[in-house]
Amino acid sequence: MATSDSTGTNWPVARILGLIGLILYIATGVFPYAASGLVAPLWGIAVLYFGWGIGLFSTIILYRRRSAWALVMPLVALAYWWGVVSIGEAVFDWTA
């Protein structure tokens, strides 16, 4: 008999979706975050990766709880990256 989590989803399905989310989240750390070195100064990249690290911690917690919400975290990472780079471009004149 399959058990279910608080969302009512069978746990293997949520676990697989969570794993996909975790893998995609880690992939965002490679691109576009690493590619930001072409635009942002070193301190800007440190700010980006600090936020990315907090998100990674949150994604791991969601994965361990067998939550399919981990699948949303790569989108959150991309939104955070876009926001920081956009603010850096507008306020600090970051350019390639």
# chains A, B, ... in the order shown; residues from 1 in each chain; ligands from 1
$ residues_around --residues "A:Val84" --least-positions-apart "6" --cutoff "12 Å" --atoms "only C-alpha atoms" --output "PyMOL selection string"
chain A and resi 33+36+39-40+43-52+77-78+90-92+94
$ write_last_selection --atoms "C-alpha atoms" --output "short mmCIF file (atom, residue, chain, number, x, y, z; two decimals), in the first residue's frame"
data_model
loop_
_atom_site.label_atom_id
_atom_site.label_comp_id
_atom_site.auth_asym_id
_atom_site.auth_seq_id
_atom_site.Cartn_x
_atom_site.Cartn_y
_atom_site.Cartn_z
CA TYR A 33 24.79 31.99 -12.07
CA SER A 36 27.09 36.13 -14.34
CA VAL A 39 28.34 40.98 -16.06
CA ALA A 40 28.65 41.23 -12.28
CA TRP A 43 30.90 40.93 -4.75
CA GLY A 44 27.78 40.70 -6.95
CA ILE A 45 28.49 37.07 -7.69
CA ALA A 46 28.92 36.47 -3.95
CA VAL A 47 25.46 37.98 -3.35
CA LEU A 48 24.02 35.78 -6.10
CA TYR A 49 25.56 32.58 -4.73
CA PHE A 50 24.60 33.44 -1.15
CA GLY A 51 20.95 33.56 -2.19
CA TRP A 52 21.42 30.47 -4.34
CA ALA A 77 16.35 30.62 -8.50
CA LEU A 78 15.96 32.06 -11.99
CA ALA A 90 20.15 49.60 -13.15
CA VAL A 91 21.78 50.75 -9.91
CA PHE A 92 25.44 49.75 -10.19
CA TRP A 94 26.85 46.28 -14.42
#
$ closest_residue --among "A:Gly53, A:Leu62, A:Trp69, A:Val13" --to "A:Thr28" --atoms "only C-alpha atoms"
A:Gly53
$ closest_residue --among "A:Leu42, A:Ala34, A:Leu56, A:Ala27" --to "A:Ala70" --atoms "only C-alpha atoms"
A:Leu56
$ select_by_dssp --residues "chain A" --states "helix (DSSP H, G or I)" --output "ChimeraX atom specification"
/A:11-30,34-38,42-64,68-92
$ residues_around --residues "A:Arg64" --least-positions-apart "4" --cutoff "10 Å" --atoms "only C-alpha atoms" --output "MDAnalysis selection string"
chainID A and resid 15 18:19 58:60 70
$ write_last_selection --atoms "N, CA, C and O atoms" --output "mmCIF file, in the first residue's frame"
data_model
loop_
_atom_site.group_PDB
_atom_site.id
_atom_site.type_symbol
_atom_site.label_atom_id
_atom_site.label_comp_id
_atom_site.auth_asym_id
_atom_site.auth_seq_id
_atom_site.Cartn_x
_atom_site.Cartn_y
_atom_site.Cartn_z
ATOM 1 N N ARG A 15 8.483 12.211 -4.653
ATOM 2 C CA ARG A 15 9.933 12.047 -4.490
ATOM 3 C C ARG A 15 10.645 12.241 -5.824
ATOM 4 O O ARG A 15 11.679 12.905 -5.894
ATOM 5 N N GLY A 18 10.454 15.879 -6.757
ATOM 6 C CA GLY A 18 11.403 16.599 -5.912
ATOM 7 C C GLY A 18 12.837 16.417 -6.381
ATOM 8 O O GLY A 18 13.627 17.365 -6.376
ATOM 9 N N LEU A 19 13.182 15.201 -6.804
ATOM 10 C CA LEU A 19 14.529 14.933 -7.306
ATOM 11 C C LEU A 19 14.788 15.703 -8.597
ATOM 12 O O LEU A 19 15.868 16.272 -8.786
ATOM 13 N N SER A 58 16.864 25.149 1.061
ATOM 14 C CA SER A 58 15.402 25.011 1.065
ATOM 15 C C SER A 58 14.948 23.889 0.143
ATOM 16 O O SER A 58 14.029 23.131 0.479
ATOM 17 N N THR A 59 15.585 23.754 -1.011
ATOM 18 C CA THR A 59 15.225 22.698 -1.956
ATOM 19 C C THR A 59 15.524 21.325 -1.372
ATOM 20 O O THR A 59 14.734 20.386 -1.530
ATOM 21 N N ILE A 60 16.638 21.196 -0.687
ATOM 22 C CA ILE A 60 16.979 19.918 -0.053
ATOM 23 C C ILE A 60 15.952 19.578 1.025
ATOM 24 O O ILE A 60 15.523 18.422 1.142
ATOM 25 N N ALA A 70 9.512 21.173 -4.501
ATOM 26 C CA ALA A 70 10.923 21.329 -4.876
ATOM 27 C C ALA A 70 11.055 21.585 -6.373
ATOM 28 O O ALA A 70 12.034 22.177 -6.818
#
$ closest_residue --among "A:Leu24, A:Leu17, A:Val30, A:Leu38" --to "A:Leu75" --atoms "only C-alpha atoms"
A:Leu24
$ atom_distance --atom1 "atom CA of A:Thr95" --atom2 "atom CA of A:Ala79"
19.1 Å
$ decode --residues "chain A" --atoms "C-alpha atoms" --output "PDB file, in the first residue's frame"
ATOM      1  CA  MET A   1       0.000   0.000   0.000  1.00  0.00           C
ATOM      2  CA  ALA A   2       1.428   3.366  -1.019  1.00  0.00           C
ATOM      3  CA  THR A   3       1.583   6.089   1.558  1.00  0.00           C
ATOM      4  CA  SER A   4       0.833   9.682   0.750  1.00  0.00           C
ATOM      5  CA  ASP A   5       2.212  12.984   1.968  1.00  0.00           C
ATOM      6  CA  SER A   6       0.236  15.996   3.166  1.00  0.00           C
ATOM      7  CA  THR A   7      -0.609  17.015  -0.418  1.00  0.00           C
ATOM      8  CA  GLY A   8      -2.298  13.686  -1.132  1.00  0.00           C
ATOM      9  CA  THR A   9       0.250  12.728  -3.779  1.00  0.00           C
ATOM     10  CA  ASN A  10       1.735   9.248  -3.680  1.00  0.00           C
ATOM     11  CA  TRP A  11       5.178   9.616  -2.152  1.00  0.00           C
ATOM     12  CA  PRO A  12       7.157   8.001  -5.016  1.00  0.00           C
ATOM     13  CA  VAL A  13       5.726  10.522  -7.476  1.00  0.00           C
ATOM     14  CA  ALA A  14       6.462  13.443  -5.149  1.00  0.00           C
ATOM     15  CA  ARG A  15       9.933  12.047  -4.490  1.00  0.00           C
ATOM     16  CA  ILE A  16      10.694  11.825  -8.218  1.00  0.00           C
ATOM     17  CA  LEU A  17       9.354  15.340  -8.848  1.00  0.00           C
ATOM     18  CA  GLY A  18      11.403  16.599  -5.912  1.00  0.00           C
ATOM     19  CA  LEU A  19      14.529  14.933  -7.306  1.00  0.00           C
ATOM     20  CA  ILE A  20      13.935  16.528 -10.699  1.00  0.00           C
ATOM     21  CA  GLY A  21      13.535  19.896  -8.965  1.00  0.00           C
ATOM     22  CA  LEU A  22      16.763  19.378  -7.016  1.00  0.00           C
ATOM     23  CA  ILE A  23      18.704  18.448 -10.152  1.00  0.00           C
ATOM     24  CA  LEU A  24      17.322  21.436 -12.055  1.00  0.00           C
ATOM     25  CA  TYR A  25      18.093  23.709  -9.113  1.00  0.00           C
ATOM     26  CA  ILE A  26      21.716  22.566  -9.044  1.00  0.00           C
ATOM     27  CA  ALA A  27      21.877  23.163 -12.808  1.00  0.00           C
ATOM     28  CA  THR A  28      20.913  26.811 -12.247  1.00  0.00           C
ATOM     29  CA  GLY A  29      24.063  27.170 -10.144  1.00  0.00           C
ATOM     30  CA  VAL A  30      26.107  26.414 -13.237  1.00  0.00           C
ATOM     31  CA  PHE A  31      24.166  28.501 -15.700  1.00  0.00           C
ATOM     32  CA  PRO A  32      23.126  31.352 -15.448  1.00  0.00           C
ATOM     33  CA  TYR A  33      24.785  31.991 -12.070  1.00  0.00           C
ATOM     34  CA  ALA A  34      28.333  31.105 -13.131  1.00  0.00           C
ATOM     35  CA  ALA A  35      27.873  33.015 -16.379  1.00  0.00           C
ATOM     36  CA  SER A  36      27.093  36.134 -14.342  1.00  0.00           C
ATOM     37  CA  GLY A  37      30.825  36.662 -13.971  1.00  0.00           C
ATOM     38  CA  LEU A  38      30.662  38.266 -17.397  1.00  0.00           C
ATOM     39  CA  VAL A  39      28.343  40.977 -16.063  1.00  0.00           C
ATOM     40  CA  ALA A  40      28.647  41.231 -12.280  1.00  0.00           C
ATOM     41  CA  PRO A  41      31.684  42.066 -10.132  1.00  0.00           C
ATOM     42  CA  LEU A  42      32.983  39.548  -7.612  1.00  0.00           C
ATOM     43  CA  TRP A  43      30.898  40.927  -4.749  1.00  0.00           C
ATOM     44  CA  GLY A  44      27.782  40.703  -6.949  1.00  0.00           C
ATOM     45  CA  ILE A  45      28.488  37.070  -7.691  1.00  0.00           C
ATOM     46  CA  ALA A  46      28.921  36.472  -3.953  1.00  0.00           C
ATOM     47  CA  VAL A  47      25.464  37.977  -3.352  1.00  0.00           C
ATOM     48  CA  LEU A  48      24.017  35.778  -6.096  1.00  0.00           C
ATOM     49  CA  TYR A  49      25.559  32.584  -4.730  1.00  0.00           C
ATOM     50  CA  PHE A  50      24.601  33.438  -1.150  1.00  0.00           C
ATOM     51  CA  GLY A  51      20.947  33.562  -2.194  1.00  0.00           C
ATOM     52  CA  TRP A  52      21.424  30.469  -4.339  1.00  0.00           C
ATOM     53  CA  GLY A  53      22.850  28.602  -1.332  1.00  0.00           C
ATOM     54  CA  ILE A  54      19.833  29.500   0.796  1.00  0.00           C
ATOM     55  CA  GLY A  55      17.613  28.227  -1.996  1.00  0.00           C
ATOM     56  CA  LEU A  56      19.623  25.008  -2.254  1.00  0.00           C
ATOM     57  CA  PHE A  57      19.145  24.425   1.457  1.00  0.00           C
ATOM     58  CA  SER A  58      15.402  25.011   1.065  1.00  0.00           C
ATOM     59  CA  THR A  59      15.225  22.698  -1.956  1.00  0.00           C
ATOM     60  CA  ILE A  60      16.979  19.918  -0.053  1.00  0.00           C
ATOM     61  CA  ILE A  61      14.520  20.324   2.825  1.00  0.00           C
ATOM     62  CA  LEU A  62      11.589  20.154   0.398  1.00  0.00           C
ATOM     63  CA  TYR A  63      13.087  17.065  -1.251  1.00  0.00           C
ATOM     64  CA  ARG A  64      13.603  15.315   2.073  1.00  0.00           C
ATOM     65  CA  ARG A  65       9.992  16.052   3.007  1.00  0.00           C
ATOM     66  CA  ARG A  66       8.973  14.380  -0.275  1.00  0.00           C
ATOM     67  CA  SER A  67       7.364  17.597  -1.449  1.00  0.00           C
ATOM     68  CA  ALA A  68       6.722  18.192  -5.124  1.00  0.00           C
ATOM     69  CA  TRP A  69       7.199  21.914  -4.350  1.00  0.00           C
ATOM     70  CA  ALA A  70      10.923  21.329  -4.876  1.00  0.00           C
ATOM     71  CA  LEU A  71      10.068  21.389  -8.577  1.00  0.00           C
ATOM     72  CA  VAL A  72       9.218  25.114  -8.269  1.00  0.00           C
ATOM     73  CA  MET A  73      12.582  26.067  -6.740  1.00  0.00           C
ATOM     74  CA  PRO A  74      14.523  26.291 -10.053  1.00  0.00           C
ATOM     75  CA  LEU A  75      12.022  28.934 -11.165  1.00  0.00           C
ATOM     76  CA  VAL A  76      12.581  30.785  -7.899  1.00  0.00           C
ATOM     77  CA  ALA A  77      16.347  30.621  -8.501  1.00  0.00           C
ATOM     78  CA  LEU A  78      15.962  32.057 -11.992  1.00  0.00           C
ATOM     79  CA  ALA A  79      13.690  34.832 -10.736  1.00  0.00           C
ATOM     80  CA  TYR A  80      16.193  35.705  -7.981  1.00  0.00           C
ATOM     81  CA  TRP A  81      19.060  35.744 -10.494  1.00  0.00           C
ATOM     82  CA  TRP A  82      17.127  37.934 -12.906  1.00  0.00           C
ATOM     83  CA  GLY A  83      16.161  40.339 -10.117  1.00  0.00           C
ATOM     84  CA  VAL A  84      19.683  40.738  -8.738  1.00  0.00           C
ATOM     85  CA  VAL A  85      21.265  41.149 -12.173  1.00  0.00           C
ATOM     86  CA  SER A  86      18.573  43.635 -13.239  1.00  0.00           C
ATOM     87  CA  ILE A  87      19.020  45.702 -10.086  1.00  0.00           C
ATOM     88  CA  GLY A  88      22.798  45.529 -10.488  1.00  0.00           C
ATOM     89  CA  GLU A  89      22.505  46.750 -14.049  1.00  0.00           C
ATOM     90  CA  ALA A  90      20.151  49.597 -13.151  1.00  0.00           C
ATOM     91  CA  VAL A  91      21.782  50.745  -9.909  1.00  0.00           C
ATOM     92  CA  PHE A  92      25.445  49.753 -10.186  1.00  0.00           C
ATOM     93  CA  ASP A  93      25.835  49.913 -13.980  1.00  0.00           C
ATOM     94  CA  TRP A  94      26.851  46.280 -14.422  1.00  0.00           C
ATOM     95  CA  THR A  95      27.541  45.672 -18.105  1.00  0.00           C
ATOM     96  CA  ALA A  96      29.137  42.937 -20.130  1.00  0.00           C
TER      97      ALA A  96
END
